[in-house]
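**Q** See my_file.txt below, with compact mmCIF, C-alpha atoms and all ligand atoms.
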```txt
# COMPACT_ATOMS: atom_id res chain seq x y z
CA MET A 44 21.66 -27.54 30.38
CA LYS A 45 21.82 -27.26 26.64
CA ALA A 46 19.99 -24.19 25.31
CA TYR A 47 18.92 -23.31 21.78
CA LYS A 48 18.01 -19.90 20.46
CA ILE A 49 14.93 -20.15 18.26
CA ALA A 50 13.51 -17.33 16.16
CA VAL A 51 9.76 -17.67 15.79
CA ILE A 52 7.97 -16.08 12.85
CA PRO A 53 4.28 -16.89 13.39
CA GLY A 54 3.33 -14.99 10.22
CA ASP A 55 -0.17 -14.58 8.89
CA GLY A 56 -3.66 -16.03 9.14
CA THR A 57 -3.69 -19.24 11.12
CA GLY A 58 0.13 -19.26 11.33
CA PRO A 59 0.16 -17.92 14.91
CA GLU A 60 -2.32 -20.56 16.11
CA MET A 61 -0.31 -23.36 14.56
CA VAL A 62 2.95 -22.02 15.95
CA ARG A 63 1.43 -21.68 19.41
CA GLU A 64 0.66 -25.41 19.48
CA GLY A 65 4.03 -26.26 17.96
CA ILE A 66 5.73 -24.37 20.78
CA LYS A 67 3.52 -26.04 23.37
CA VAL A 68 4.77 -29.42 22.23
CA LEU A 69 8.37 -28.25 21.84
CA GLU A 70 8.39 -26.93 25.41
CA THR A 71 7.02 -30.20 26.71
CA ALA A 72 9.77 -32.05 24.84
CA ALA A 73 12.43 -29.70 26.20
CA ASP A 74 11.12 -30.28 29.69
CA ARG A 75 11.17 -34.03 29.41
CA PHE A 76 14.57 -34.30 27.74
CA ALA A 77 16.22 -31.60 29.82
CA PHE A 78 17.23 -28.96 27.30
CA ARG A 79 16.13 -25.37 26.90
CA LEU A 80 14.53 -23.54 24.01
CA ASP A 81 14.69 -19.76 24.10
CA PHE A 82 12.08 -18.39 21.73
CA THR A 83 12.26 -14.90 20.25
CA HIS A 84 9.10 -13.87 18.42
CA LEU A 85 9.50 -11.76 15.29
CA PRO A 86 6.53 -9.96 13.73
CA TYR A 87 7.24 -10.44 10.01
CA GLY A 88 4.39 -11.21 7.66
CA GLY A 89 1.48 -9.50 5.93
CA GLU A 90 0.46 -7.19 8.79
CA TYR A 91 4.03 -6.02 9.29
CA TYR A 92 4.38 -5.31 5.59
CA LEU A 93 1.12 -3.37 5.39
CA GLU A 94 2.09 -1.30 8.40
CA LYS A 95 5.77 -0.64 7.63
CA GLY A 96 5.81 -0.78 3.84
CA GLU A 97 8.73 -3.20 3.85
CA VAL A 98 8.75 -6.96 4.03
CA LEU A 99 11.80 -7.32 6.26
CA PRO A 100 13.67 -4.54 8.04
CA GLU A 101 17.27 -3.71 7.36
CA GLY A 102 19.51 -6.19 9.17
CA ALA A 103 16.82 -8.86 9.60
CA VAL A 104 18.86 -11.52 7.83
CA GLU A 105 21.94 -10.78 9.92
CA GLU A 106 19.81 -10.98 13.05
CA LEU A 107 18.33 -14.31 12.00
CA LYS A 108 21.79 -15.76 11.43
CA GLN A 109 22.39 -15.48 15.17
CA PHE A 110 19.72 -18.09 15.91
CA ASP A 111 20.12 -21.86 16.05
CA ALA A 112 16.95 -22.30 14.01
CA ILE A 113 13.83 -20.52 12.77
CA PHE A 114 10.33 -21.78 13.49
CA LEU A 115 7.94 -20.42 10.88
CA GLY A 116 4.14 -20.42 10.88
CA ALA A 117 2.70 -19.37 7.55
CA ILE A 118 3.12 -16.44 5.20
CA GLY A 119 0.27 -15.11 3.05
CA HIS A 120 -2.18 -12.25 3.59
CA PRO A 121 -5.39 -11.57 1.62
CA ASP A 122 -4.61 -7.82 1.37
CA VAL A 123 -1.10 -8.30 0.00
CA LYS A 124 -0.58 -9.04 -3.67
CA PRO A 125 0.48 -12.68 -4.16
CA GLY A 126 4.22 -13.01 -4.58
CA ILE A 127 5.38 -10.13 -2.40
CA LEU A 128 5.54 -11.99 0.89
CA GLU A 129 6.53 -15.31 -0.67
CA LYS A 130 9.45 -13.67 -2.45
CA GLY A 131 10.26 -11.15 0.23
CA ILE A 132 10.24 -13.49 3.21
CA LEU A 133 10.16 -17.19 2.38
CA LEU A 134 12.30 -17.30 -0.75
CA ASN A 135 14.47 -14.42 0.42
CA LEU A 136 15.35 -16.22 3.65
CA ARG A 137 15.98 -19.53 1.87
CA PHE A 138 18.44 -17.76 -0.40
CA ALA A 139 20.01 -15.31 2.05
CA LEU A 140 20.54 -18.00 4.69
CA ASP A 141 21.70 -20.44 1.99
CA GLN A 142 19.20 -23.06 3.05
CA TYR A 143 20.05 -25.19 0.07
CA ILE A 144 18.02 -28.22 1.08
CA ASN A 145 14.27 -28.46 1.34
CA LEU A 146 13.58 -31.63 3.25
CA ARG A 147 10.06 -33.04 3.04
CA PRO A 148 9.09 -36.33 4.60
CA VAL A 149 6.07 -38.00 3.03
CA LYS A 150 4.90 -40.38 5.71
CA LEU A 151 1.39 -41.66 6.21
CA PHE A 152 0.69 -42.06 9.91
CA PRO A 153 -1.56 -44.88 11.15
CA GLY A 154 -5.18 -43.74 11.40
CA ILE A 155 -4.79 -41.07 8.72
CA GLU A 156 -6.76 -41.39 5.53
CA THR A 157 -4.98 -41.30 2.19
CA PRO A 158 -6.76 -40.85 -1.14
CA LEU A 159 -4.72 -43.78 -2.47
CA LYS A 160 -6.78 -46.94 -2.60
CA ASP A 161 -5.21 -49.99 -0.93
CA LYS A 162 -2.19 -48.06 0.36
CA GLY A 163 -1.31 -47.60 4.00
CA PRO A 164 1.52 -46.53 6.28
CA ALA A 165 3.67 -49.43 5.07
CA GLU A 166 3.52 -48.16 1.50
CA ILE A 167 3.67 -44.39 1.97
CA ASP A 168 6.93 -43.58 3.70
CA PHE A 169 9.60 -41.70 1.79
CA VAL A 170 11.46 -38.40 1.88
CA VAL A 171 11.97 -35.78 -0.82
CA VAL A 172 15.25 -33.85 -0.81
CA ARG A 173 14.54 -30.76 -2.91
CA GLU A 174 17.29 -28.38 -4.02
CA ASN A 175 16.22 -25.05 -2.53
CA THR A 176 18.35 -22.20 -3.91
CA GLU A 177 18.69 -22.69 -7.68
CA GLY A 178 16.81 -23.95 -10.73
CA LEU A 179 13.85 -21.94 -11.95
CA TYR A 180 13.67 -20.24 -8.56
CA ALA A 181 16.98 -18.43 -9.06
CA GLY A 182 15.16 -15.54 -10.73
CA SER A 183 17.26 -15.51 -13.86
CA GLY A 184 15.59 -14.20 -16.98
CA GLY A 185 13.62 -11.20 -18.07
CA PHE A 186 11.28 -9.58 -20.53
CA LEU A 187 11.78 -8.23 -23.99
CA ARG A 188 9.17 -5.86 -25.48
CA ARG A 189 6.92 -6.38 -22.46
CA GLY A 190 3.27 -5.58 -23.04
CA THR A 191 3.54 -5.64 -26.83
CA PRO A 192 2.38 -8.37 -29.20
CA HIS A 193 6.04 -9.28 -29.64
CA GLU A 194 6.64 -9.81 -25.98
CA VAL A 195 9.24 -12.37 -24.93
CA ALA A 196 9.52 -13.74 -21.40
CA VAL A 197 12.51 -15.88 -20.50
CA GLN A 198 12.88 -17.75 -17.22
CA GLU A 199 16.01 -19.82 -16.98
CA SER A 200 16.81 -22.78 -14.79
CA ILE A 201 20.16 -22.26 -13.10
CA ASN A 202 22.03 -25.41 -12.16
CA THR A 203 25.53 -24.96 -10.81
CA ARG A 204 27.90 -27.85 -10.28
CA LEU A 205 28.43 -26.71 -6.70
CA GLY A 206 24.73 -26.32 -5.99
CA VAL A 207 23.77 -29.64 -7.55
CA GLU A 208 26.63 -31.52 -5.95
CA ARG A 209 26.03 -30.29 -2.41
CA CYS A 210 22.36 -31.19 -2.72
CA LEU A 211 23.19 -34.67 -4.00
CA ARG A 212 25.78 -35.21 -1.30
CA TYR A 213 23.25 -34.25 1.35
CA ALA A 214 20.76 -36.69 -0.19
CA PHE A 215 23.22 -39.58 -0.29
CA GLN A 216 24.25 -38.92 3.29
CA TYR A 217 20.65 -38.58 4.39
CA CYS A 218 19.84 -41.87 2.66
CA ARG A 219 22.75 -43.58 4.40
CA GLU A 220 21.57 -42.34 7.80
CA HIS A 221 17.80 -42.55 7.41
CA GLY A 222 16.89 -44.56 4.31
CA LYS A 223 15.04 -47.79 4.94
CA GLN A 224 15.79 -49.26 1.52
CA LYS A 225 19.11 -47.44 1.11
CA LYS A 226 17.88 -46.32 -2.28
CA LEU A 227 18.19 -42.83 -3.73
CA THR A 228 16.05 -41.91 -6.71
CA LEU A 229 17.08 -38.97 -8.86
CA CYS A 230 13.97 -37.26 -10.23
CA GLY A 231 14.73 -35.41 -13.47
CA LYS A 232 13.86 -35.09 -17.12
CA THR A 233 17.00 -36.28 -18.89
CA ASN A 234 15.12 -36.99 -22.11
CA VAL A 235 14.18 -33.34 -22.68
CA LEU A 236 16.15 -31.08 -20.32
CA THR A 237 19.37 -32.38 -21.78
CA TYR A 238 21.65 -29.74 -20.27
CA ALA A 239 20.37 -29.28 -16.74
CA PHE A 240 19.73 -32.92 -16.02
CA ASP A 241 22.83 -34.05 -17.82
CA LEU A 242 24.72 -32.16 -15.14
CA TRP A 243 22.50 -33.63 -12.42
CA GLU A 244 22.89 -37.15 -13.76
CA ARG A 245 26.70 -36.99 -14.10
CA ALA A 246 27.07 -35.50 -10.63
CA PHE A 247 24.63 -38.10 -9.26
CA HIS A 248 26.82 -40.97 -10.41
CA GLU A 249 30.08 -39.29 -9.46
CA VAL A 250 28.95 -38.49 -5.93
CA GLY A 251 27.14 -41.82 -5.76
CA ALA A 252 30.42 -43.67 -6.33
CA GLU A 253 31.40 -42.49 -2.84
CA TYR A 254 28.28 -44.19 -1.47
CA PRO A 255 28.53 -47.84 -2.57
CA ASP A 256 26.00 -48.76 0.13
CA ILE A 257 23.28 -46.69 -1.61
CA THR A 258 21.41 -48.03 -4.64
CA ARG A 259 21.15 -45.41 -7.37
CA ASP A 260 17.83 -45.13 -9.16
CA TYR A 261 16.51 -42.67 -11.74
CA ALA A 262 13.03 -41.67 -12.91
CA HIS A 263 11.62 -38.82 -14.98
CA ILE A 264 9.44 -36.29 -13.18
CA ASP A 265 6.29 -37.35 -15.02
CA ALA A 266 6.85 -41.02 -14.21
CA ILE A 267 7.51 -40.13 -10.57
CA CYS A 268 4.09 -38.44 -10.42
CA MET A 269 2.53 -41.59 -11.76
CA TRP A 270 4.37 -43.90 -9.39
CA MET A 271 3.83 -41.75 -6.33
CA VAL A 272 0.16 -42.55 -6.86
CA LYS A 273 0.44 -46.11 -8.16
CA ASN A 274 3.43 -47.57 -6.27
CA PRO A 275 4.64 -45.14 -3.61
CA GLU A 276 6.29 -48.06 -1.76
CA GLN A 277 9.08 -48.14 -4.31
CA PHE A 278 10.45 -44.83 -3.04
CA ASP A 279 12.91 -44.36 -0.20
CA ILE A 280 14.66 -41.02 -0.72
CA ILE A 281 14.01 -38.87 -3.81
CA VAL A 282 16.37 -36.05 -4.78
CA THR A 283 15.40 -33.41 -7.31
CA ASP A 284 15.66 -29.81 -8.42
CA ASN A 285 13.74 -26.88 -6.98
CA MET A 286 10.75 -26.76 -9.36
CA PHE A 287 10.15 -30.49 -9.65
CA GLY A 288 10.60 -30.73 -5.90
CA ASP A 289 7.97 -28.05 -5.34
CA ILE A 290 5.48 -29.98 -7.43
CA ILE A 291 6.03 -33.49 -6.13
CA THR A 292 6.02 -32.40 -2.50
CA ASP A 293 2.46 -31.09 -2.85
CA LEU A 294 1.52 -34.42 -4.40
CA GLY A 295 3.37 -36.07 -1.51
CA ALA A 296 1.50 -33.95 1.04
CA MET A 297 -1.82 -35.09 -0.41
CA ILE A 298 -1.01 -38.80 -0.25
CA GLN A 299 0.15 -38.47 3.36
CA GLY A 300 -3.17 -36.95 4.39
CA GLY A 301 -2.98 -33.32 3.27
CA MET A 302 -1.68 -29.93 4.28
CA GLY A 303 -2.87 -30.49 7.83
CA ILE A 304 0.05 -32.81 8.48
CA ALA A 305 2.83 -32.04 5.97
CA ALA A 306 5.95 -30.36 7.33
CA GLY A 307 9.27 -29.35 5.87
CA GLY A 308 12.69 -28.03 6.70
CA ASN A 309 14.75 -25.46 4.81
CA ILE A 310 18.20 -26.58 5.73
CA ASN A 311 21.64 -25.07 5.68
CA PRO A 312 23.70 -27.81 7.33
CA ALA A 313 26.28 -25.24 8.40
CA GLY A 314 23.99 -22.30 9.15
CA THR A 315 20.54 -21.34 10.34
CA SER A 316 17.75 -23.62 9.15
CA MET A 317 14.02 -22.91 9.05
CA PHE A 318 11.15 -25.29 9.75
CA GLU A 319 7.58 -24.83 8.59
CA PRO A 320 4.24 -26.48 7.99
CA ILE A 321 4.08 -26.60 4.20
CA GLY A 322 0.45 -25.52 3.91
CA GLY A 323 -0.58 -21.89 3.64
CA SER A 324 -1.95 -19.39 6.13
CA ALA A 325 -5.61 -20.41 5.54
CA PRO A 326 -6.81 -16.87 6.43
CA ARG A 327 -10.51 -17.75 6.41
CA TYR A 328 -10.03 -19.91 9.52
CA THR A 329 -8.04 -17.31 11.45
CA GLY A 330 -8.72 -17.16 15.17
CA GLN A 331 -11.37 -19.87 15.16
CA ASN A 332 -9.20 -22.47 16.91
CA ILE A 333 -10.28 -25.12 14.39
CA ILE A 334 -7.20 -25.45 12.20
CA ASN A 335 -5.05 -28.55 12.47
CA PRO A 336 -1.74 -27.79 14.20
CA LEU A 337 -0.13 -31.18 13.51
CA ALA A 338 1.92 -29.89 10.57
CA SER A 339 3.46 -27.25 12.80
CA ILE A 340 4.06 -29.81 15.54
CA CYS A 341 5.76 -32.10 13.02
CA ALA A 342 7.87 -29.18 11.79
CA GLY A 343 8.91 -28.68 15.41
CA GLY A 344 9.91 -32.34 15.58
CA MET A 345 12.04 -31.92 12.48
CA MET A 346 13.68 -28.90 14.08
CA LEU A 347 14.59 -30.95 17.17
CA GLU A 348 16.11 -33.65 14.98
CA HIS A 349 18.12 -31.00 13.18
CA LEU A 350 19.32 -29.47 16.44
CA GLY A 351 20.61 -32.89 17.48
CA GLU A 352 17.85 -33.66 20.00
CA LYS A 353 17.14 -36.92 18.23
CA GLU A 354 15.45 -38.74 21.06
CA ALA A 355 13.08 -35.83 21.66
CA ALA A 356 12.36 -35.62 17.93
CA ALA A 357 11.52 -39.32 17.78
CA VAL A 358 9.18 -39.02 20.77
CA VAL A 359 7.39 -36.03 19.21
CA GLU A 360 6.76 -38.07 16.10
CA GLN A 361 5.61 -41.09 18.11
CA SER A 362 3.25 -38.89 20.09
CA VAL A 363 1.74 -37.44 16.92
CA MET A 364 1.37 -40.93 15.51
CA GLU A 365 -0.33 -42.15 18.67
CA ILE A 366 -2.78 -39.26 18.64
CA CYS A 367 -3.51 -39.75 14.95
CA ALA A 368 -4.12 -43.46 15.48
CA THR A 369 -6.34 -43.12 18.53
CA ARG A 370 -7.98 -39.69 18.62
CA ILE A 371 -8.04 -37.56 15.50
CA LYS A 372 -11.13 -38.11 13.36
CA SER A 373 -9.96 -36.22 10.29
CA LEU A 374 -7.11 -33.85 9.48
CA GLY A 375 -9.42 -31.22 8.01
CA ALA A 376 -10.00 -27.92 9.78
CA GLY A 377 -13.07 -28.20 11.99
CA ARG A 378 -13.32 -31.94 11.45
CA MET A 379 -10.66 -33.20 13.85
CA GLY A 380 -13.09 -33.87 16.68
CA TYR A 381 -10.98 -31.42 18.73
CA SER A 382 -10.02 -27.77 18.63
CA THR A 383 -6.57 -26.56 17.60
CA SER A 384 -5.45 -26.11 21.21
CA GLU A 385 -6.91 -29.46 22.27
CA VAL A 386 -4.87 -31.24 19.61
CA GLY A 387 -1.75 -29.49 20.95
CA ASP A 388 -2.74 -30.58 24.47
CA LEU A 389 -3.26 -34.17 23.35
CA VAL A 390 0.16 -34.41 21.74
CA ALA A 391 1.85 -32.65 24.65
CA GLY A 392 0.06 -34.95 27.09
CA GLU A 393 1.11 -38.04 25.19
CA LEU A 394 4.67 -36.78 25.09
CA HIS A 395 4.63 -36.06 28.78
CA HIS A 396 3.71 -39.48 30.01
CA GLY A 397 4.16 -41.59 26.86
C1 LIG A 401 6.72 -24.26 -0.91
C2 LIG A 401 5.87 -23.14 -1.41
C3 LIG A 401 6.77 -22.02 -1.90
C4 LIG A 401 7.63 -22.57 -3.03
C5 LIG A 401 6.02 -20.75 -2.34
C6 LIG A 401 5.09 -20.26 -1.25
C7 LIG A 401 6.94 -19.67 -2.80
O1 LIG A 401 5.02 -23.59 -2.41
O2 LIG A 401 7.43 -24.07 0.09
O3 LIG A 401 6.71 -25.34 -1.51
O4 LIG A 401 7.24 -22.52 -4.19
O5 LIG A 401 8.72 -23.06 -2.73
MN MN A 402 5.20 -25.69 -2.84
```
Give the structure from this file in structure tokens form.
**A**
Amino acid sequence: MKAYKIAVIPGDGTGPEMVREGIKVLETAADRFAFRLDFTHLPYGGEYYLEKGEVLPEGAVEELKQFDAIFLGAIGHPDVKPGILEKGILLNLRFALDQYINLRPVKLFPGIETPLKDKGPAEIDFVVVRENTEGLYAGSGGFLRRGTPHEVAVQESINTRLGVERCLRYAFQYCREHGKQKKLTLCGKTNVLTYAFDLWERAFHEVGAEYPDITRDYAHIDAICMWMVKNPEQFDIIVTDNMFGDIITDLGAMIQGGMGIAAGGNINPAGTSMFEPIGGSAPRYTGQNIINPLASICAGGMMLEHLGEKEAAAVVEQSVMEICATRIKSLGAGRMGYSTSEVGDLVAGELHHG
């Protein structure tokens, strides 16, 4: 029987509750499709940091590299200054494990409410491929005369040919395999960011020449924001840099029903990838069993797809869709009509006999 080694980082706040339900569904899928998932829980997060005084122990990255994938809950603790855990765990792992793709499906499931008037599941169904290791996130820059009236703060966007090209290549390939319209939209700002997006645009067309089956499309970031609201149906796969990708995937999460459902993958196609619900740790709901676990369950589905268990992944998604269409009242915490664990049970039950 095929077996996968999965590192689980439940993290903070409601992370552990979400992860618990994600694992419940993953185990049901493994059972049905006859593979094994060996979970190893790791304690990293806010509590660990407050107790040990370090975000990750020495050797943590090397240890994580030994796993087939990482299943993450949520990072963020009210007693830890914002930035420490995000930088020390989430961004650190993305960089150290070279997870150069952030993959974020924006798919409205039947039965889920979107704030977009007159739009439904047929119109809201696209995927954002976000570059995940460069751009403004690279941490290049610094201060001059900090704290004085003459202070200067510089934060540079780093775009390497290698980094841009591998991201584009992934996006073209992803579009070939999964795109419904076989259309890849580059999201940039070529009219103002005339260096960074000049590189992106040239590489886009050069790599794109190897994919004659994919239609190449371009739009500026501001126009994309407009069209994601007005005409989301025009999008199939969108590829963009780290910062723009961060912004439009929150917009995407909102039009697909909110943080209760949005999931993402931090992918290194040749290494260890990490899957997560994209919402935060929602600490005020901790332990109440009212938070929506569907985002974590969907992240689990993405992990199965990535591991090559495609049939199982498809059935997880179908089960979530079925439950959304027939049972869930609202995606909001406390408004689902069910508790956190009941939602996990519903999806697992559907998966079991569905
Ligand atoms: C995300 C998050 C992170 C990011 C934060 C928590 C550092 O917003 O995964 O989109 O900016 O990438
Ligand atoms: Mn974000």
**Q** Calculated over only C-alpha atoms, which of the candidates A:Glu319, A:Glu194, A:Asp388, A:Glu177 has the smallest distance to Met286 (chain A)?
**A**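 The shortest atom-to-atom distance to Met286 (chain A) comes from A:Glu177.
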**Q** With only C-alpha atoms as the atoms that count, which of A:Ile321, A:Ala357, A:Val68, A:Leu179 lies nearest to Glu393 (chain A)?
**A**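 So, comparing all the options, the nearest one is A:Val68.
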**Q** Taking (3.0, -37.9, 4.5) as a centre in this file's frame and 9 Å as the limit, can you find every polymer residue with an atom that close, using all atoms listed in the file, and give them as a list in words?
**A** Arg147, Pro148, Val149, Lys150, Leu151, Phe152, Thr157, Pro164, Ile167, Asp168, Phe169, Val170, Gly295, Ala296, Met297, Ile298, Gln299, Gly300, Gly301, Ile304, Ala305 and Ala306 of chain A
**Q** Taking all atoms listed in the file into account, which of A:Pro326, A:Gly303, A:Ala356, A:Ile267 comes nearest Leu374 (chain A)?
**A**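 Checking each of A:Pro326, A:Gly303, A:Ala356, A:Ile267 against Leu374 (chain A), counting all atoms listed in the file, the winner is A:Gly303.
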**Q** Calculate how many Å separate CA of Asp260 (chain A) from CA of Asp293 (chain A), rounding to one decimal.
**A** 21.8 Å
**Q** Record the distance separating CA of Phe138 (chain A) and CA of Trp243 (chain A), expressed in Å with one decimal.
**A** 20.3 Å
**Q** Counting all atoms listed in the file, which residue out of A:Phe287, A:Tyr381, A:Phe114, A:Phe240 sits closest to Tyr180 (chain A)?
**A** A:Phe287
**Q** So how far away is CA of Val171 (chain A) from atom MN of ligand MN 402 (chain A), in Å?
**A**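 It comes out at 12.3 Å.
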**Q** For region 261-270 of chain A, which lacks atoms in the input, supply all heavy atoms and format the output as a compact mmCIF listing (two decimals), keeping the file's coordinate frame.
**A**
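Result file follows (rebuild_18.txt):
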```
# COMPACT_ATOMS: atom_id res chain seq x y z
N TYR A 261 16.89 -43.89 -11.02
CA TYR A 261 16.51 -42.67 -11.74
C TYR A 261 15.09 -42.79 -12.27
O TYR A 261 14.68 -43.86 -12.74
CB TYR A 261 17.46 -42.40 -12.93
CG TYR A 261 16.95 -41.25 -13.76
CD1 TYR A 261 17.20 -39.93 -13.38
CD2 TYR A 261 16.11 -41.47 -14.86
CE1 TYR A 261 16.64 -38.87 -14.07
CE2 TYR A 261 15.55 -40.41 -15.56
CZ TYR A 261 15.83 -39.12 -15.16
OH TYR A 261 15.27 -38.06 -15.83
N ALA A 262 14.34 -41.70 -12.23
CA ALA A 262 13.03 -41.67 -12.91
C ALA A 262 12.74 -40.24 -13.37
O ALA A 262 13.12 -39.27 -12.71
CB ALA A 262 11.93 -42.16 -11.99
N HIS A 263 12.06 -40.14 -14.49
CA HIS A 263 11.62 -38.82 -14.98
C HIS A 263 10.53 -38.28 -14.07
O HIS A 263 9.73 -39.04 -13.50
CB HIS A 263 11.06 -38.93 -16.40
CG HIS A 263 12.05 -39.38 -17.44
ND1 HIS A 263 13.35 -38.94 -17.49
CD2 HIS A 263 11.90 -40.23 -18.49
CE1 HIS A 263 13.95 -39.48 -18.52
NE2 HIS A 263 13.11 -40.28 -19.15
N ILE A 264 10.43 -36.97 -14.02
CA ILE A 264 9.44 -36.29 -13.18
C ILE A 264 8.00 -36.78 -13.45
O ILE A 264 7.22 -37.01 -12.53
CB ILE A 264 9.54 -34.74 -13.33
CG1 ILE A 264 8.40 -34.00 -12.62
CG2 ILE A 264 9.58 -34.31 -14.78
CD1 ILE A 264 8.42 -34.06 -11.13
N ASP A 265 7.67 -36.95 -14.71
CA ASP A 265 6.29 -37.35 -15.02
C ASP A 265 6.01 -38.78 -14.53
O ASP A 265 4.95 -39.08 -13.99
CB ASP A 265 5.95 -37.17 -16.52
CG ASP A 265 7.02 -37.69 -17.45
OD1 ASP A 265 8.13 -38.06 -16.97
OD2 ASP A 265 6.78 -37.74 -18.67
N ALA A 266 7.01 -39.64 -14.68
CA ALA A 266 6.85 -41.02 -14.21
C ALA A 266 6.77 -41.05 -12.68
O ALA A 266 5.99 -41.81 -12.10
CB ALA A 266 8.01 -41.87 -14.70
N ILE A 267 7.55 -40.18 -12.04
CA ILE A 267 7.51 -40.13 -10.57
C ILE A 267 6.10 -39.77 -10.10
O ILE A 267 5.58 -40.35 -9.15
CB ILE A 267 8.53 -39.08 -10.04
CG1 ILE A 267 9.96 -39.57 -10.31
CG2 ILE A 267 8.26 -38.74 -8.57
CD1 ILE A 267 10.82 -39.86 -9.13
N CYS A 268 5.46 -38.82 -10.80
CA CYS A 268 4.09 -38.44 -10.42
C CYS A 268 3.15 -39.64 -10.53
O CYS A 268 2.28 -39.85 -9.67
CB CYS A 268 3.58 -37.31 -11.32
SG CYS A 268 4.39 -35.75 -10.99
N MET A 269 3.36 -40.40 -11.56
CA MET A 269 2.53 -41.59 -11.76
C MET A 269 2.77 -42.61 -10.64
O MET A 269 1.84 -43.11 -10.02
CB MET A 269 2.94 -42.17 -13.12
CG MET A 269 2.07 -43.24 -13.65
SD MET A 269 2.56 -43.58 -15.36
CE MET A 269 4.11 -44.43 -15.16
N TRP A 270 4.04 -42.86 -10.37
CA TRP A 270 4.37 -43.90 -9.39
C TRP A 270 4.11 -43.48 -7.94
O TRP A 270 3.86 -44.33 -7.09
CB TRP A 270 5.82 -44.36 -9.56
CG TRP A 270 5.97 -45.25 -10.77
CD1 TRP A 270 5.05 -46.15 -11.24
CD2 TRP A 270 7.07 -45.29 -11.69
NE1 TRP A 270 5.53 -46.77 -12.38
CE2 TRP A 270 6.76 -46.26 -12.67
CE3 TRP A 270 8.29 -44.61 -11.78
CZ2 TRP A 270 7.62 -46.56 -13.72
CZ3 TRP A 270 9.15 -44.92 -12.81
CH2 TRP A 270 8.82 -45.88 -13.77
```
